[in-house]
Amino acid sequence: MPGDRLTSDIDRFKEVALSCPLPPAVELIGEKWAFLILRGTFNGLQHFEEFQAGLGIARNILSDRLSKLVAGGILERSPDPDDKRRVIYSLTPKGEGLLPVLLALRQWGEEWGYGKMQILLADRRDGRPVRKICVQAHDGRELKLSDLTWIDADGEAIGFRTAAE
């Protein structure tokens, strides 16, 4: 019966959704100040005072967000070799893995009217701007929502629909 299939599809979706990595990722980095701190770190900010001056963030909020990013393994703290009273915040490999996320959000904001930037991210080797981030197939084809479906780890199709279906 169609109603039974819908119920089982929704139950399967709920089961899988409970183990989805998106909610904990958003919990760790999904707020304005965390993203701005990450942007600052990707652009060379290292010290508490630099983040505070560059972002205009209150000390208590900055301290809280830096602590959460360190606890989440996104940033690491180390003593400044030039001044032992200061701490350097730097990206971990886990933090560096967020580069495509930040760039995709920036590109989305530019495309949808939140501000076109005059400064572009470029390939250091040839000075050319990086391409727009997109979802790609295994063979490099750009994919749209209508091209996507869900499969399980064994490659079997599952009953979830994409918004395009």
# chains A, B, ... in the order shown; residues from 1 in each chain; ligands from 1

$ select_by_dssp --residues "chain A" --states "strand (DSSP E)" --output "list of chain:residue names"
A:Leu75, A:Glu76, A:Arg77, A:Ser78, A:Pro79, A:Asp80, A:Asp83, A:Lys84, A:Arg85, A:Arg86, A:Val87, A:Ile88, A:Tyr89, A:Ser90, A:Leu91

$ write_last_selection --atoms "C-alpha atoms" --output "tab-separated table (two decimals), in the first residue's frame"
chain	number	residue	atom	x	y	z
A	75	LEU	CA	41.70	25.63	16.15
A	76	GLU	CA	44.69	24.93	18.34
A	77	ARG	CA	46.32	27.16	20.91
A	78	SER	CA	50.07	27.43	21.24
A	79	PRO	CA	52.39	29.84	23.03
A	80	ASP	CA	53.72	32.67	20.89
A	83	ASP	CA	56.04	36.63	23.54
A	84	LYS	CA	55.25	33.86	26.03
A	85	ARG	CA	52.39	35.95	27.49
A	86	ARG	CA	50.47	35.65	24.20
A	87	VAL	CA	48.74	32.72	22.56
A	88	ILE	CA	48.62	31.89	18.87
A	89	TYR	CA	45.41	30.41	17.46
A	90	SER	CA	45.94	28.39	14.31
A	91	LEU	CA	43.88	26.07	12.16

$ select_by_dssp --residues "segment 16-118 of chain A" --states "alpha helix (DSSP H)" --output "PyMOL selection string"
chain A and resi 16-17+22-29+32-42+48-55+59-71+93-96+99-111

$ closest_residue --among "A:Pro93, A:Gly113, A:Gly72, A:Pro100" --to "Ile133 of chain A" --atoms "only C-alpha atoms"
A:Pro100

$ atom_distance --atom1 "atom CA of Gly44 of chain A" --atom2 "atom CA of Lys116 of chain A"
22.0 Å

$ residues_around --residues "Ile29 of chain A" --least-positions-apart "5" --cutoff "8 Å" --atoms "only C-alpha atoms" --output "MDAnalysis selection string"
chainID A and resid 34:35 69

$ write_last_selection --atoms "C-alpha atoms" --output "compact mmCIF listing (two decimals), in the first residue's frame"
# COMPACT_ATOMS: atom_id res chain seq x y z
CA ALA A 34 32.50 31.31 14.67
CA PHE A 35 32.44 31.87 10.90
CA LEU A 69 36.62 26.09 18.32

$ closest_residue --among "A:Ala25, A:Leu121, A:Cys134, A:Leu62" --to "Lys94 of chain A" --atoms "only C-alpha atoms"
A:Ala25

$ closest_residue --among "A:Ile37, A:Arg12, A:Ile74, A:Asp64" --to "Gln52 of chain A" --atoms "only C-alpha atoms"
A:Ile37

$ atom_distance --atom1 "atom CA of Gly56 of chain A" --atom2 "atom CA of Lys32 of chain A"
12.6 Å
